[in-house]
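Asker: Encoded as C-alpha cells, here's the structure I'll be asking about.
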Amino acid sequence: MAYPGFGGWFGNFSGQIPGMQVGQPVPGTCPPLLAGGPPGYTAYSHSSDPMWTYFTAVAGQDGEVDAEELQMCLTQSGISGTYSPFSLETCRIMIAMLDRDYTGKMGFSEFKELWAALNAWKQNFMAIDEDRSGTVEHHELSQAIAVMGYRLSPQTLHAIVKRYSKNGRIFFDDYVACCVKLRALTDFFRRRDHLHQGFVNFIYEDFLQGTMMI
C-alpha cells in the first residue's frame with residue numbers, strides 16, 4: 001500500500017522543478033567529476049556549475065556548510081527571489097532534513113538536493129501568491145499541502161496553519177519551514193513504519209532524538 005500522507009520525496013514534485021519537461025536537465029546539475037582532491041570534497045568544473053561557486057564561497061575546508069553558512073549561500077544565490085531571505089532557524093531545519101550522518105552540516109550533494117526541493121516549493125508558493133505579496137492565506141496553505149500529496153485531517157491542517165501563520169498570513173520563509181518539517185517528520189515516521197500501516201511504536205528517547213533534531 002502507498003504510505004499515507006507521504007507525497008513523494010518533495011511532495012508530488014519528486015525533485016523536478018515544475019514547468020520543466022521530463023528529461024530536461026535541472027539547473028545546476030552536477031557536472032563531470034575531475035580527478036584529484038581529498039575524499040568527500042571532489043573538484044568540480046566551476047564554469048559549468050554556478051551552484052558550486054555559491055557553495056564553495058562559504059563552505060569550510062571540510063567541504064560542508066553549517067546553518068549560518070547555508071543562510072549566506074542561499075542569500076547570495078538569490079533563490080529567494082523577491083521574497084525575504086531565509087531565517088537562520090529555517091536553514092537549521094533544512095540541514096536537519098538532509099543531515100543523515102548527524103554532523104549538523106551539509107555537503108554539496110545535499111545542497112543540490114535541497115536546491116531542487118526549494119525550487120519546487122518556490123514554484124508552488126508563487127502559483128498561490130498570485131499578487132506577489134510574499135504571503136498566502138490559511139486555506140491556500142492547506143491547498144498547497146494537499147497538492148504536495150499529503151492527506152491530512154482537517155484538525156492536523158488547522159494545527160499546521162496555526163503554527164506557521166502570522167496575523168492570518170503565511171510568509172515564504174515560514175512556508176518553506178513548514179514544507180521542510182512535513183517532509184522530515186514524515187520521513188522519520190516512514191522509516192519506522194516497516195509494515196506501511198500508518199502507525200508505529202516509539203521508544204521515548206528515539207522520539208525525542210528524531211523530533212528535536214528537526
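By order of appearance in the C-alpha cells: chains A, B, ..., then residues from 1 within every chain, and ligands from 1 in the order shown.
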I need the strand (DSSP E) residues of stretch 50-196 of chain A per DSSP on the backbone, written as a count of residues only.
Answerer: 10
Asker: What's the 12 Å shell around A:Asp129, counting only C-alpha atoms, without same-chain residues fewer than 2 positions away, as a list of chain:residue names?
Answerer: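 Answer for this query is A:Thr82, A:Tyr83, A:Lys122, A:Gln123, A:Asn124, A:Phe125, A:Met126, A:Ala127, A:Asp131, A:Arg132, A:Ser133, A:Gly134, A:Thr135, A:Val136, A:Glu137, A:Glu140, A:Leu141, A:Ala144, A:Arg169, A:Ile170, A:Phe171, A:Phe172, A:Tyr175.
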Asker: If we count only C-alpha atoms, what is near A:Ala159 at a cut-off of 12 Å, once residues fewer than 4 positions away on the same chain are taken out, given as a list in words?
Answerer: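 Result of the neighbour search: His138, Leu141, Ser142, Leu152, Ser153, Pro154, Gln155, Arg163, Tyr164, Ser165 and Cys178 of chain A.
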Asker: Limited to all heavy atoms, could you put the picked residues into a file as a compact mmCIF listing (two decimals), in the first residue's frame?
Answerer:
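Result file follows (part-v4.txt):
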# COMPACT_ATOMS: atom_id res chain seq x y z
N HIS A 138 -4.58 31.20 4.94
CA HIS A 138 -4.70 29.90 5.61
C HIS A 138 -5.14 28.80 4.65
O HIS A 138 -4.50 27.75 4.56
CB HIS A 138 -5.71 30.01 6.76
CG HIS A 138 -5.20 30.79 7.92
ND1 HIS A 138 -5.76 30.70 9.18
CD2 HIS A 138 -4.18 31.68 8.04
CE1 HIS A 138 -5.11 31.50 10.01
NE2 HIS A 138 -4.15 32.10 9.33
N LEU A 141 -2.54 27.64 2.10
CA LEU A 141 -1.51 26.74 2.61
C LEU A 141 -2.05 25.31 2.68
O LEU A 141 -1.36 24.36 2.31
CB LEU A 141 -1.02 27.19 3.99
CG LEU A 141 0.02 26.27 4.64
CD1 LEU A 141 1.28 26.18 3.78
CD2 LEU A 141 0.38 26.76 6.05
N SER A 142 -3.28 25.17 3.14
CA SER A 142 -3.89 23.85 3.20
C SER A 142 -3.98 23.22 1.81
O SER A 142 -3.70 22.03 1.63
CB SER A 142 -5.30 23.94 3.81
OG SER A 142 -5.25 24.42 5.13
N LEU A 152 -4.00 14.80 5.00
CA LEU A 152 -4.07 15.07 6.42
C LEU A 152 -5.48 15.44 6.83
O LEU A 152 -6.26 15.96 6.03
CB LEU A 152 -3.11 16.21 6.79
CG LEU A 152 -1.65 16.04 6.33
CD1 LEU A 152 -0.84 17.28 6.68
CD2 LEU A 152 -1.03 14.81 6.97
N SER A 153 -5.80 15.20 8.08
CA SER A 153 -7.13 15.52 8.59
C SER A 153 -7.29 17.04 8.70
O SER A 153 -6.28 17.77 8.80
CB SER A 153 -7.32 14.89 9.97
OG SER A 153 -6.49 15.53 10.93
N PRO A 154 -8.53 17.55 8.71
CA PRO A 154 -8.75 18.99 8.90
C PRO A 154 -8.13 19.51 10.19
O PRO A 154 -7.62 20.64 10.24
CB PRO A 154 -10.27 19.12 8.91
CG PRO A 154 -10.75 17.95 8.12
CD PRO A 154 -9.79 16.84 8.44
N GLN A 155 -8.15 18.68 11.25
CA GLN A 155 -7.58 19.09 12.54
C GLN A 155 -6.06 19.28 12.43
O GLN A 155 -5.50 20.24 12.96
CB GLN A 155 -7.90 18.05 13.61
CG GLN A 155 -9.39 17.93 13.96
CD GLN A 155 -10.16 17.06 12.99
OE1 GLN A 155 -9.59 16.51 12.03
NE2 GLN A 155 -11.46 16.93 13.22
N ARG A 163 0.35 27.11 13.34
CA ARG A 163 1.76 27.17 13.74
C ARG A 163 2.57 28.10 12.85
O ARG A 163 3.47 28.81 13.32
CB ARG A 163 2.34 25.75 13.69
CG ARG A 163 3.85 25.65 13.73
CD ARG A 163 4.44 26.13 15.05
NE ARG A 163 5.88 25.97 15.09
CZ ARG A 163 6.75 26.84 14.55
NH1 ARG A 163 6.29 27.92 13.92
NH2 ARG A 163 8.05 26.63 14.63
N TYR A 164 2.27 28.14 11.55
CA TYR A 164 3.13 28.86 10.62
C TYR A 164 2.54 30.18 10.10
O TYR A 164 3.14 30.80 9.21
CB TYR A 164 3.49 27.96 9.43
CG TYR A 164 4.44 26.86 9.85
CD1 TYR A 164 3.97 25.57 10.13
CD2 TYR A 164 5.79 27.11 10.01
CE1 TYR A 164 4.85 24.58 10.53
CE2 TYR A 164 6.67 26.12 10.42
CZ TYR A 164 6.19 24.85 10.67
OH TYR A 164 7.05 23.87 11.09
N SER A 165 1.43 30.62 10.63
CA SER A 165 0.84 31.88 10.18
C SER A 165 1.18 33.02 11.13
O SER A 165 1.41 32.81 12.33
CB SER A 165 -0.68 31.75 10.06
OG SER A 165 -1.25 31.47 11.33
N CYS A 178 7.65 25.03 6.91
CA CYS A 178 6.56 24.06 7.03
C CYS A 178 6.81 22.87 6.10
O CYS A 178 6.67 21.71 6.52
CB CYS A 178 5.24 24.73 6.69
SG CYS A 178 3.82 23.62 6.64
Asker: Rank A:Met106, A:Val65, A:Ile145, A:Ile214 by their smallest atom-to-atom distance to A:Phe188, using only C-alpha atoms, and report the top residue only.
Answerer: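 Going through A:Met106, A:Val65, A:Ile145, A:Ile214 one by one, the smallest distance to A:Phe188 is for A:Ile214.
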Asker: Would you please give, as an MDAnalysis selection string, all residues of stretch 80-202 of chain A that DSSP assigns to alpha helix (DSSP H) based on the backbone?
Answerer: chainID A and resid 88:98 108:128 138:147 154:164 172:192
Asker: Atom CA of A:Thr56 to atom CA of A:Glu89: how many Å, to one decimal?
Answerer: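 For atom CA of A:Thr56 relative to atom CA of A:Glu89, the distance reads 21.8 Å.
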Asker: Work out how far apart atom CA of A:Ala57 and atom CA of A:Arg183 are and give it in Å to one decimal.
Answerer: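 So the answer is 28.2 Å.
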Asker: Distance atom CA of A:Phe207-atom CA of A:Phe189, one decimal place?
Answerer: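 So the answer is 9.5 Å.
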Asker: So that I can check the surroundings of A:Lys105, please list as number ranges by chain every protein, DNA and RNA residue that reaches within 8 Å of it, counting only C-alpha atoms and ignoring chain neighbours fewer than 6 positions away.
Answerer: A: 64-67, 95, 99
